[in-house]
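Below: one structure, written as structure tokens.
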Amino acid sequence: MSGAEQIKNGKAVIGIEFGSTRIKAVLIGEDHAPLAAGVHDWQNELADGVWTYSLESVRAGLQDCFANLMKNVETKYNVKLERAAGMGISAMMHGYLVFDENDQQLVPFRTWRNTMTEEAADRLTEAFEFNIPQRWSIAHLYQAVLNNEPHIGRLAFMTTLAGYVHYILTGEKVIGAGDASGIFPIDPAVCDYDAAMLTKFDELAAGTELRSEVSELLPKIVSAGECAGRLTAEGARLLDPTGTFCAGVPFCPPEGDAQTGMAATNSITPRTGNVSAGTSIFSMIVLEDKLSAVHREIDIVTTPCGAPVAMVHCNSCTSDLDAWFGMFGSLLREAGNDMPKGKLYDMLYSLAAAGDPDCDGIISYNYYAGEPVTGIKDGRPLLMRSPDSDFNIRNLARSLVYSCVASLKAGMDILTEQEHVKLERIFAHGGFFKTPFPSQNFLAAALGADVTLMQTAGEGGAWGIALLAAYMVNRASGETLVDYLNGKVFADMKGNTVSPKKEDIDGISSYMKKYLSGLSAVRAAAAE
């Protein structure tokens with residue numbers, strides 16, 4: 001069938017992802033290729049010291065994004081988007097979204113970007129003998145318990161952003177295994193919350209105002225490929241107030257952006273991994289064996305199927321680069337030479353490629369928020385250089401691009417050098433790679449491994465969650481997600497692979513020595 005026929009007959013599948021700066025919907029056909037897309041730009045806000053998105057903006061953004069998708073479908077295919085074979089919701093992992101028994105939100109959404117749970121994360125890590133990062137939902141919950149926050153006694157349900165959107169559309173309080181692994185540790189043997197750790201948490205919270213066992217507060221885990229609910233009539237009205245789009249569409253389990261990135265890059269088997277880079281940057285490396293030690297810089301999460309994954313998550317990636325590039329653009333406008341954003345970025349990336357491999361001592365710290373991987377508690381973007389550095393635009397631009405991957409490299413070096421984790425395939429996706437050269441090359445140098453950008457890299461997590469929904473709709477009996485992706489999605493998929501160059505490896509290694517030694521200055525600035 002043609003694209004128009006697939007849409008008209010309800011054979012297409014929809015994926016929607018709530019990213020840090022953009023909500024994106026992708027409609028895919030039976031060959032898994034995108035047919036149309038819709039977007040809505042948004043931004044988090046810093047309210048009373050907390051990085052947050054209001055639930056009103058979540059709902060409004062969902063509606064606007066879906067309306068944009070419907071408009072694009074009608075414009076491109078001259079048919080209305082009235083139904084779909086399946087849908088899925090993905091969003092930024094972690095954070096703190098809590099409600100009372102009447103579904104009233106108890107405190108503003110505390111996103112992954114906040115670094116306010118150090119005490120709780122430390123205590124839980126010690127009790128569980130398992131790394132609990134500050135941004136995990138359970139760390140936020142326990143910190144609220146330690147702080148004796150008034151809402152704790154009324155708490156009846158907690159979830160992630162993807163879990164919340166899924167709930168208001170389907171009425172189901174469920175979650176996918178991967179997104180769940182950023183709420184609370186998962187036992188991969190049973191693909192469910194770790195029972196022993198649940199008991200330990202209840203023991204830690206005993207005698208406090210938290211009145212429920214933690215297991216009663218968490219969303220139920222639904223396995224990949226299973227139906228996790230259907231679009232209700234109320235959900236359909238929320239999604240499309242015009243009444244054009246029909247209720248009844250089956251939904252796959254809601255997932256985190258890390259897991260949809262894994263699906264979108266086909267990196268869910270051991271020795272494979274992917275790097276997602278946008279407002280934040282993180283790597284996901286599927287493990288063959290359990291790590292030999294607990295590393296605070298490395299999270300253990302899971303694939304959508306519940307297999308263990310080593311995750312290095314860094315809170316800051318492109319925000320400072322965008323700020324600098326925006327400043328350069330404003331300078332050009334003041335000089336009467338306005339340049340389109342795409343052309344400006346291409347020019348500055350080209351200049352970065354021409355810079356000295358070590359940036360000649362110009363070091364950029366891109367910390368818009370705290371960075372647990374390098375021990376930075378609060379955001380302080382900072383530029384540092386030696387008096388004799390060759391301070392030119394090429395070296396500065398290269399340093400700004402390096403800074404986007406520097407914290408990630410610090411964490412990944414632990415995996416490869418201390419834990420001897422082997423990397424065979426690294427796939428990259430996200431806004432950082434819209435201009436592949438030299439961002440892809442610099443990442444390859446930082447990781448010391450080949451890096452591939454797939455043809456679909458620009459589609460990102462919205463395409464990834466659409467694939468998970470398609471797997472739910474189309475999977476054969478006994479067909480695993482690995483088999484489905486290998487045989488039906490990526491069998492003929494092409495990509496562009498670059499290998500690291502020795503001069504770039506040596507250059508970024510030299511850069512990192514100065515970068516790590518200068519962190520004390522960033523800590524001092526953040527302490528003011």
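Residues are named by chain letter and number: chains run A, B, ... in the order of the structure tokens, numbers start at 1 in each chain, and ligands are numbered from 1 in the order shown.
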Quiz item: If you count only C-alpha atoms, which residues fall within 8 Å of region 234-243 of chain A, apart from same-chain ones fewer than 6 positions away, as a ChimeraX atom specification?
Solution: /A:59,62-63,66-67,168-170
Quiz item: Using only C-alpha atoms, which residues sit within 7 Å of Gln143 (chain A) once same-chain residues fewer than 4 positions away are excluded, as number ranges by chain?
Solution: A: 117, 120, 139, 147
Store the residues of this selection in a file with C-alpha atoms, as a PDB file, in the first residue's frame.
ATOM      1  CA  THR A 117      19.461  14.515  46.245  1.00  0.00           C
ATOM      2  CA  ALA A 120      19.647  10.300  49.603  1.00  0.00           C
ATOM      3  CA  ALA A 139      16.650   9.173  45.165  1.00  0.00           C
ATOM      4  CA  ASN A 147      13.611  16.359  54.314  1.00  0.00           C
TER       5      ASN A 147
END
Self-check item: Test item: residues at most 6 Å from Gly355 (chain A), only C-alpha atoms, excluding those fewer than 4 positions along its chain, as a PyMOL selection string
Solution: chain A and resi 394-395+398
Take the residues that were just selected and, keeping N, CA and C atoms, output them as an mmCIF file, in the first residue's frame.
data_model
loop_
_atom_site.group_PDB
_atom_site.id
_atom_site.type_symbol
_atom_site.label_atom_id
_atom_site.label_comp_id
_atom_site.auth_asym_id
_atom_site.auth_seq_id
_atom_site.Cartn_x
_atom_site.Cartn_y
_atom_site.Cartn_z
ATOM 1 N N ARG A 394 39.370 29.132 15.800
ATOM 2 C CA ARG A 394 39.431 27.701 15.508
ATOM 3 C C ARG A 394 39.632 26.890 16.789
ATOM 4 N N ASN A 395 40.571 27.305 17.608
ATOM 5 C CA ASN A 395 40.827 26.576 18.852
ATOM 6 C C ASN A 395 39.666 26.728 19.834
ATOM 7 N N ARG A 398 36.817 24.495 18.605
ATOM 8 C CA ARG A 398 37.119 23.073 18.854
ATOM 9 C C ARG A 398 36.953 22.746 20.341
#
Region 40-214 of chain A: residues DSSP assigns to strand (DSSP E), reported as a short mmCIF file (atom, residue, chain, number, x, y, z; two decimals) with C-alpha atoms, in the first residue's frame:
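Final output, saved to result-v7.cif:
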data_model
loop_
_atom_site.label_atom_id
_atom_site.label_comp_id
_atom_site.auth_asym_id
_atom_site.auth_seq_id
_atom_site.Cartn_x
_atom_site.Cartn_y
_atom_site.Cartn_z
CA HIS A 40 6.57 21.29 19.37
CA ASP A 41 9.45 23.24 20.88
CA GLU A 45 12.23 26.50 33.57
CA LEU A 46 14.14 27.13 36.76
CA ALA A 47 11.42 27.81 39.34
CA VAL A 50 14.11 23.56 40.66
CA TRP A 51 14.38 22.61 36.98
CA THR A 52 10.83 21.75 35.95
CA GLY A 86 -0.27 1.27 17.47
CA MET A 87 1.29 4.07 19.51
CA GLY A 88 4.02 4.60 22.05
CA ILE A 89 5.18 7.35 24.41
CA SER A 90 8.79 8.06 25.32
CA ALA A 91 10.32 10.82 27.42
CA LEU A 97 6.45 13.12 39.44
CA VAL A 98 4.18 12.30 42.40
CA PHE A 99 0.41 12.33 42.92
CA PHE A 157 1.67 7.17 43.00
CA MET A 158 4.96 8.14 41.39
CA THR A 159 6.03 7.80 37.79
CA VAL A 174 2.40 1.12 33.84
CA ILE A 175 5.96 1.51 32.60
CA GLY A 176 8.46 -0.22 30.32
CA ILE A 186 15.74 -3.89 38.31
CA ASP A 187 16.42 -7.59 38.85
CA ASP A 192 10.95 -6.50 37.73
CA TYR A 193 11.93 -4.20 40.60
#
Quiz item: If you count only C-alpha atoms, which residues fall within 9 Å of region 105-107 of chain A, apart from same-chain ones fewer than 5 positions away, as JSON, numbers by chain?
Solution: {"A": [55, 96, 97, 98, 99, 100, 151, 152, 154, 155]}
Practice problem: Give me the residues within 9 Å of Ser510 (chain A) as a list in words, counting only C-alpha atoms and dropping any in the same chain fewer than 6 places off. | Solution: Pro357, Asp358 and Gly361 of chain A
Taking N, CA and C atoms for each residue, export the selection above as a compact mmCIF listing (two decimals), in the first residue's frame.
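Result saved to selection22.txt:
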# COMPACT_ATOMS: atom_id res chain seq x y z
N PRO A 357 44.65 19.98 17.64
CA PRO A 357 44.05 18.79 18.25
C PRO A 357 43.84 18.88 19.75
N ASP A 358 44.70 19.64 20.46
CA ASP A 358 44.54 19.81 21.91
C ASP A 358 43.98 21.18 22.27
N GLY A 361 45.49 24.43 24.85
CA GLY A 361 45.30 24.85 26.24
C GLY A 361 44.03 25.63 26.51
Self-check item: Residues near Ala263 (chain A), cut-off 9 Å, only C-alpha atoms, skip fewer than 2 positions along chain, as a PyMOL selection string
Solution: chain A and resi 258-261+265-268+303-304+461+463-465+467-468+481+485
Self-check item: Spatial neighbours of Ile285 (chain A), 9 Å, only C-alpha atoms, chain gap at least 6 places, as a PyMOL selection string
Solution: chain A and resi 267-275+308-312+421+423+426
Exercise. Could you pull out the residues in region 42-225 of chain A that DSSP calls alpha helix (DSSP H) from the backbone, as JSON, numbers by chain?
Key: {"A": [55, 56, 57, 58, 59, 60, 61, 62, 63, 64, 65, 66, 67, 68, 69, 70, 71, 72, 73, 74, 75, 76, 77, 118, 119, 120, 121, 122, 123, 124, 125, 126, 127, 128, 137, 138, 139, 140, 141, 142, 143, 144, 145, 146, 161, 162, 163, 164, 165, 166, 167, 168, 169, 170, 177, 178, 179, 180, 195, 196, 197, 198, 199, 200, 201, 202, 203, 204, 205, 214, 215, 216, 217]}
Could you take the residues named above and write them with C-alpha atoms, as a CSV table (one decimal), in the first residue's frame?
chain,number,residue,atom,x,y,z
A,55,LEU,CA,2.0,19.6,33.5
A,56,GLU,CA,0.0,22.2,31.7
A,57,SER,CA,2.9,22.6,29.3
A,58,VAL,CA,3.1,18.8,28.9
A,59,ARG,CA,-0.5,18.6,27.9
A,60,ALA,CA,-0.4,21.7,25.7
A,61,GLY,CA,2.8,20.5,24.0
A,62,LEU,CA,1.4,17.1,23.4
A,63,GLN,CA,-1.7,18.6,21.7
A,64,ASP,CA,0.3,21.0,19.6
A,65,CYS,CA,2.8,18.4,18.5
A,66,PHE,CA,0.0,16.0,17.5
A,67,ALA,CA,-1.9,18.7,15.7
A,68,ASN,CA,1.3,19.5,13.8
A,69,LEU,CA,1.6,15.8,12.8
A,70,MET,CA,-2.0,15.7,11.7
A,71,LYS,CA,-1.6,18.9,9.6
A,72,ASN,CA,1.6,17.5,8.0
A,73,VAL,CA,-0.1,14.2,7.2
A,74,GLU,CA,-3.1,16.0,5.5
A,75,THR,CA,-0.8,18.3,3.6
A,76,LYS,CA,1.5,15.6,2.3
A,77,TYR,CA,-1.0,12.8,1.7
A,118,GLU,CA,23.1,13.9,47.1
A,119,GLU,CA,22.4,12.7,50.7
A,120,ALA,CA,19.6,10.3,49.6
A,121,ALA,CA,21.7,9.0,46.7
A,122,ASP,CA,24.7,8.3,48.9
A,123,ARG,CA,22.6,6.5,51.6
A,124,LEU,CA,20.7,4.4,49.1
A,125,THR,CA,23.9,3.4,47.2
A,126,GLU,CA,25.5,2.3,50.5
A,127,ALA,CA,22.3,0.4,51.6
A,128,PHE,CA,21.7,-1.3,48.2
A,137,SER,CA,13.2,8.8,41.0
A,138,ILE,CA,13.9,6.7,44.1
A,139,ALA,CA,16.6,9.2,45.2
A,140,HIS,CA,14.2,12.1,44.8
A,141,LEU,CA,11.6,10.1,46.9
A,142,TYR,CA,14.0,9.3,49.7
A,143,GLN,CA,15.4,12.9,49.8
A,144,ALA,CA,11.8,14.1,50.2
A,145,VAL,CA,11.5,11.6,53.1
A,146,LEU,CA,14.7,12.8,54.7
A,161,LEU,CA,7.2,11.8,32.4
A,162,ALA,CA,6.6,9.0,29.8
A,163,GLY,CA,4.6,7.1,32.4
A,164,TYR,CA,2.5,10.1,33.2
A,165,VAL,CA,1.6,10.9,29.5
A,166,HIS,CA,0.8,7.2,29.0
A,167,TYR,CA,-1.5,7.3,32.0
A,168,ILE,CA,-3.5,10.3,30.9
A,169,LEU,CA,-4.0,8.8,27.5
A,170,THR,CA,-4.7,5.2,28.5
A,177,ALA,CA,11.4,-2.1,31.8
A,178,GLY,CA,14.0,0.4,30.6
A,179,ASP,CA,12.2,3.5,32.0
A,180,ALA,CA,11.5,1.6,35.2
A,195,ALA,CA,12.7,-7.4,45.7
A,196,ALA,CA,15.5,-7.3,48.2
A,197,MET,CA,16.1,-3.6,47.5
A,198,LEU,CA,12.4,-2.8,47.9
A,199,THR,CA,12.5,-4.4,51.3
A,200,LYS,CA,15.7,-2.4,52.2
A,201,PHE,CA,14.0,0.8,51.2
A,202,ASP,CA,10.9,0.1,53.3
A,203,GLU,CA,13.2,-0.5,56.2
A,204,LEU,CA,15.0,2.8,55.7
A,205,ALA,CA,11.7,4.7,55.4
A,214,VAL,CA,7.4,1.6,48.0
A,215,SER,CA,6.2,-1.2,45.7
A,216,GLU,CA,2.7,0.2,46.1
A,217,LEU,CA,3.8,3.6,44.7
Practice problem: Can you work out which one of A:Pro188, A:Met384, A:Phe130, A:Phe18 has the shortest atom-to-atom distance to Thr160 (chain A), counting only C-alpha atoms? | Solution: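 Between A:Pro188, A:Met384, A:Phe130, A:Phe18, the residue approaching Thr160 (chain A) most closely is A:Phe18.
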Quiz item: In Å, how far is it from CA of Pro438 (chain A) to CA of Ser330 (chain A)?
Solution: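 Interatomic distance here is 23.3 Å.
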Quiz prompt | Top pick for closest residue to Asn315 (chain A), considering A:Met1, A:Leu408, A:Met262, A:Ile362 and counting only C-alpha atoms | solution =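 Using only C-alpha atoms, Asn315 (chain A) sits closest to A:Leu408.
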Quiz item: Which is closer to Asp31 (chain A) than all the others in A:Ile221, A:Val489, A:Cys404, A:Ile508, using only C-alpha atoms?
Solution: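 That would be A:Val489, the residue with the smallest distance to Asp31 (chain A).
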